[in-house]
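Engineer: I have a structure here, written as structure tokens, and I will follow up with some questions on it.
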Amino acid sequence: MDLTKLTAVQRRLIKKNYKICVVGAGHVGLVSAACFSELGYRVICVDNDKKKIKSLKEKTLPFYEPGLDSIVIKNINRGNLVFTSALPQSVKKSDVIFIVVGTPPLPDGSADLTSIENVARVIAKNLNSYKLIVEKSTVPVQTGSKVKETICRYRKNNTEFDIASNPEFLREGKAIYDFFHPDRIVIGVEYERAEKILKSLYSSIKAPIVVTDINTSELIKHASNSFLATKISFINAVAHICDLAGANVKKVALGMGLDKRIGKDFLDAGLGYGGFCFPKDLEAFIYISKKLGYIFGLIQEVKSINDQQKKYFVEKIKEHLWVLKNKKIAILGLSFKPDTDDMRFAPSIDIVNLLVNEGAHLKLYDPQANNAAKKILRNKKITFAKNAYDAVRNCDCICVLTEWEEFKKLDFSKIKKIMHYPLLADGRNMFDKKQIEVLGFKYIGIGT
């Protein structure tokens, strides 16, 4: 089923065909721009990376996201989606401006808001009519007031504008589905005018709309991601207890998850969370809380458990192989999760480096992230394979670090014949331990 296809009735729900400007062609920005254009809006997507804009104009995407390419190409062809590096002109042509630029972490854990301020200044200098300016980047609480202050400071006249917050909750690998089928739409506003515009923009999407003040909206995103990361670290801590007690964390998670107060999502023990959102959002939430006068010890421990999880996995491998120096280890899966090529804060980076530091020789393979990984993981003891079977040939251990569907279909009888020693270290608990051991493998899981 085409999840992005709207009925005529749904399209008529769009009360006004606002012209939208999305500032930032990163993962969230490009997905948002493409999906708004799919809803029927005219969208300008702006980015200061001229090489990226050139590629997008040529219908070549800068990252892998299932289903995104077809939506981008279709809406370029029908004139609903254009790409440019000219922010001043784009501001003047638009009614609603979404700020979706990067907010990378600084060494102290705070978010670097330089790009947010730069965009706010350009908007201020090019206000030629009323604009609704919407934060969609993940930002610290009280950023909205700073954006408003910046625009008031640099605008050339008293042209009216409103500030709003509309945090994104898009999962990489499922971002298109999440845009059109969200659990909720959160909008933080100061005035009813901004609320009406945002409700109109999303009127064709069936989801609860949570309307708050801007500070509350900003906090919802950090609180949500921090809570999900807490669930992940909690079940990973439980997995340690399961290893020590001879219990099975999968069954523990099942028993917990059937409790409706807890829920089954994010209770999969493994290598811990990665990606760009959870690590930086936790750091930012810790920093924000401290700045406001509260020491968020719970979140600090969540981060600590996550950091230790990669080391724990490598130690389990050492228990089986004893000395890792000169051992040949195959790494299957590099991206932080399946269905994306995103390597940012991927657990594989730390695990690969830990194994290399032990003197192991590694052969790496990922269905989508090989090229991205080659830019990050550079060492004479690392090579990249063209497929999974090439990676595991003559190795002493297979480490599965990303739960790609492709790996579930591997022929392990064939793999055993081409390995030097049949050890499978399953960092995502993808496989059934008994089935793997029946084939003659030694199996390492997380809490199983």
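Residue numbers start at 1 in each chain; chains themselves are named A, B, ... in the order of the structure tokens; ligands are numbered from 1 in the order shown.
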When you look at range 266-281 of chain A with a cut-off of 8 Å (counting only C-alpha atoms), what residues show up, excluding the ones that are within fewer than 3 positions of it in the same chain? I need them as a JSON list (two decimals) with N, CA and C atoms, in the first residue's frame.
Structural biologist:
```json
[["chain", "number", "residue", "atom", "x", "y", "z"],
["A", 104, "PRO", "N", 24.81, 20.11, 16.63],
["A", 104, "PRO", "CA", 25.75, 19.09, 17.12],
["A", 104, "PRO", "C", 26.21, 19.35, 18.54],
["A", 105, "PRO", "N", 26.65, 18.30, 19.23],
["A", 105, "PRO", "CA", 27.08, 18.47, 20.62],
["A", 105, "PRO", "C", 28.45, 19.14, 20.71],
["A", 109, "GLY", "N", 28.81, 18.97, 26.29],
["A", 109, "GLY", "CA", 27.51, 18.34, 26.22],
["A", 109, "GLY", "C", 26.40, 19.25, 25.74],
["A", 111, "ALA", "N", 24.38, 21.91, 23.22],
["A", 111, "ALA", "CA", 24.15, 21.90, 21.78],
["A", 111, "ALA", "C", 24.75, 23.15, 21.14],
["A", 138, "THR", "N", 16.11, 19.69, 16.96],
["A", 138, "THR", "CA", 16.08, 19.41, 18.39],
["A", 138, "THR", "C", 16.94, 20.44, 19.10],
["A", 222, "HIS", "N", 13.34, 16.23, 24.18],
["A", 222, "HIS", "CA", 14.45, 15.73, 24.98],
["A", 222, "HIS", "C", 13.97, 14.70, 26.01],
["A", 225, "ASN", "N", 13.17, 11.26, 24.10],
["A", 225, "ASN", "CA", 14.36, 10.50, 23.72],
["A", 225, "ASN", "C", 15.12, 9.98, 24.93],
["A", 226, "SER", "N", 15.16, 10.77, 25.98],
["A", 226, "SER", "CA", 15.87, 10.33, 27.19],
["A", 226, "SER", "C", 15.16, 9.16, 27.85],
["A", 228, "LEU", "N", 13.27, 6.88, 26.27],
["A", 228, "LEU", "CA", 13.49, 5.69, 25.43],
["A", 228, "LEU", "C", 14.90, 5.14, 25.63],
["A", 229, "ALA", "N", 15.88, 6.02, 25.74],
["A", 229, "ALA", "CA", 17.25, 5.58, 26.01],
["A", 229, "ALA", "C", 17.34, 4.91, 27.38],
["A", 231, "LYS", "N", 14.97, 3.11, 28.80],
["A", 231, "LYS", "CA", 14.46, 1.75, 28.64],
["A", 231, "LYS", "C", 15.54, 0.83, 28.06],
["A", 232, "ILE", "N", 16.28, 1.34, 27.07],
["A", 232, "ILE", "CA", 17.32, 0.53, 26.44],
["A", 232, "ILE", "C", 18.42, 0.19, 27.45],
["A", 233, "SER", "N", 18.88, 1.18, 28.18],
["A", 233, "SER", "CA", 19.94, 0.92, 29.17],
["A", 233, "SER", "C", 19.44, 0.04, 30.30],
["A", 235, "ILE", "N", 17.20, -2.43, 30.13],
["A", 235, "ILE", "CA", 17.16, -3.84, 29.73],
["A", 235, "ILE", "C", 18.57, -4.38, 29.50],
["A", 236, "ASN", "N", 19.50, -3.51, 29.12],
["A", 236, "ASN", "CA", 20.89, -3.97, 28.97],
["A", 236, "ASN", "C", 21.52, -4.26, 30.33],
["A", 239, "ALA", "N", 20.23, -7.52, 31.28],
["A", 239, "ALA", "CA", 20.92, -8.56, 30.52],
["A", 239, "ALA", "C", 22.19, -9.02, 31.23],
["A", 249, "VAL", "N", 17.27, -12.95, 28.90],
["A", 249, "VAL", "CA", 16.74, -11.59, 28.88],
["A", 249, "VAL", "C", 15.60, -11.43, 27.89],
["A", 250, "LYS", "N", 15.56, -12.25, 26.85],
["A", 250, "LYS", "CA", 14.46, -12.17, 25.90],
["A", 250, "LYS", "C", 13.13, -12.51, 26.58],
["A", 253, "ALA", "N", 12.23, -9.72, 29.01],
["A", 253, "ALA", "CA", 11.66, -8.58, 28.29],
["A", 253, "ALA", "C", 10.23, -8.87, 27.84],
["A", 257, "GLY", "N", 7.24, -6.65, 28.92],
["A", 257, "GLY", "CA", 6.59, -5.88, 27.86],
["A", 257, "GLY", "C", 5.11, -6.12, 27.72],
["A", 284, "ALA", "N", 22.68, 16.73, 25.95],
["A", 284, "ALA", "CA", 22.08, 18.06, 26.04],
["A", 284, "ALA", "C", 21.12, 18.17, 27.22],
["A", 285, "PHE", "N", 20.37, 17.10, 27.48],
["A", 285, "PHE", "CA", 19.41, 17.12, 28.58],
["A", 285, "PHE", "C", 20.13, 17.18, 29.93],
["A", 303, "LYS", "N", 23.54, 6.94, 30.37],
["A", 303, "LYS", "CA", 24.67, 7.14, 29.45],
["A", 303, "LYS", "C", 25.84, 6.23, 29.83],
["A", 306, "ASN", "N", 25.24, 2.66, 28.79],
["A", 306, "ASN", "CA", 25.36, 2.53, 27.34],
["A", 306, "ASN", "C", 26.83, 2.50, 26.89],
["A", 307, "ASP", "N", 27.63, 3.35, 27.50],
["A", 307, "ASP", "CA", 29.06, 3.39, 27.16],
["A", 307, "ASP", "C", 29.74, 2.08, 27.50],
["A", 309, "GLN", "N", 28.41, -0.89, 27.57],
["A", 309, "GLN", "CA", 27.85, -2.05, 26.89],
["A", 309, "GLN", "C", 28.76, -2.56, 25.77],
["A", 310, "LYS", "N", 29.40, -1.65, 25.04],
["A", 310, "LYS", "CA", 30.29, -2.07, 23.95],
["A", 310, "LYS", "C", 31.51, -2.80, 24.49],
["A", 313, "PHE", "N", 30.60, -6.35, 25.52],
["A", 313, "PHE", "CA", 30.49, -7.24, 24.36],
["A", 313, "PHE", "C", 31.87, -7.75, 23.93],
["A", 336, "PHE", "N", 24.13, 2.36, 12.66],
["A", 336, "PHE", "CA", 23.66, 2.26, 14.05],
["A", 336, "PHE", "C", 22.35, 1.49, 14.16],
["A", 337, "LYS", "N", 21.63, 1.33, 13.05],
["A", 337, "LYS", "CA", 20.41, 0.53, 13.02],
["A", 337, "LYS", "C", 20.19, 0.10, 11.57],
["A", 342, "ASP", "N", 23.47, 5.53, 8.19],
["A", 342, "ASP", "CA", 23.97, 6.50, 9.17],
["A", 342, "ASP", "C", 24.97, 5.85, 10.12],
["A", 343, "MET", "N", 26.17, 6.39, 10.17],
["A", 343, "MET", "CA", 27.22, 5.88, 11.04],
["A", 343, "MET", "C", 27.44, 6.75, 12.28],
["A", 344, "ARG", "N", 26.68, 7.81, 12.43],
["A", 344, "ARG", "CA", 26.91, 8.74, 13.54],
["A", 344, "ARG", "C", 26.65, 8.05, 14.88],
["A", 345, "PHE", "N", 27.67, 8.03, 15.73],
["A", 345, "PHE", "CA", 27.60, 7.43, 17.07],
["A", 345, "PHE", "C", 27.18, 5.95, 17.01],
["A", 346, "ALA", "N", 27.45, 5.28, 15.91],
["A", 346, "ALA", "CA", 27.11, 3.86, 15.80],
["A", 346, "ALA", "C", 27.95, 3.04, 16.78],
["A", 347, "PRO", "N", 27.35, 2.08, 17.51],
["A", 347, "PRO", "CA", 28.13, 1.23, 18.41],
["A", 347, "PRO", "C", 29.27, 0.51, 17.71],
["A", 401, "LEU", "N", 26.53, -6.75, 14.40],
["A", 401, "LEU", "CA", 26.37, -5.49, 15.13],
["A", 401, "LEU", "C", 25.15, -4.69, 14.72],
["A", 427, "GLY", "N", 25.48, -9.46, 18.69],
["A", 427, "GLY", "CA", 25.30, -8.24, 19.47],
["A", 427, "GLY", "C", 23.89, -7.69, 19.47],
["A", 428, "ARG", "N", 23.00, -8.30, 18.70],
["A", 428, "ARG", "CA", 21.61, -7.83, 18.64],
["A", 428, "ARG", "C", 20.61, -8.92, 19.01],
["A", 429, "ASN", "N", 21.11, -10.06, 19.49],
["A", 429, "ASN", "CA", 20.24, -11.19, 19.85],
["A", 429, "ASN", "C", 19.26, -11.52, 18.72],
["A", 446, "ILE", "N", 23.62, -11.45, 24.23],
["A", 446, "ILE", "CA", 23.58, -10.46, 25.31],
["A", 446, "ILE", "C", 22.46, -10.86, 26.26],
["A", 447, "GLY", "N", 22.81, -11.49, 27.38],
["A", 447, "GLY", "CA", 21.82, -11.88, 28.35],
["A", 447, "GLY", "C", 21.01, -13.10, 27.96]]
```
Engineer: Would you list the contacts of range 19-31 of chain A as a ChimeraX atom specification, taking every protein, DNA or RNA residue within 7 Å and counting only C-alpha atoms, but skipping same-chain residues closer than 4 positions in sequence?
Structural biologist: /A:35,41-47,68,90-91,94-101,176
Engineer: So which one's closest to Ser32 in chain A, A:Lys414, A:Lys136, A:Lys291, A:Arg121? Using only C-alpha atoms, please.
Structural biologist: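 The answer is A:Lys136, which sits nearest to Ser32 in chain A.
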Engineer: Which distance in Å separates CA of Pro62 in chain A and CA of Asp339 in chain A, to one decimal?
Structural biologist: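 Going from CA of Pro62 in chain A over to CA of Asp339 in chain A, I get 14.7 Å.
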Engineer: Which residue is closest to Asn128 in chain A? Choose from A:Gly293, A:Gly359, A:Pro88, A:Gly144 and count only C-alpha atoms.
Structural biologist: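 Residue with the minimum atom-to-atom distance to Asn128 in chain A: A:Pro88.
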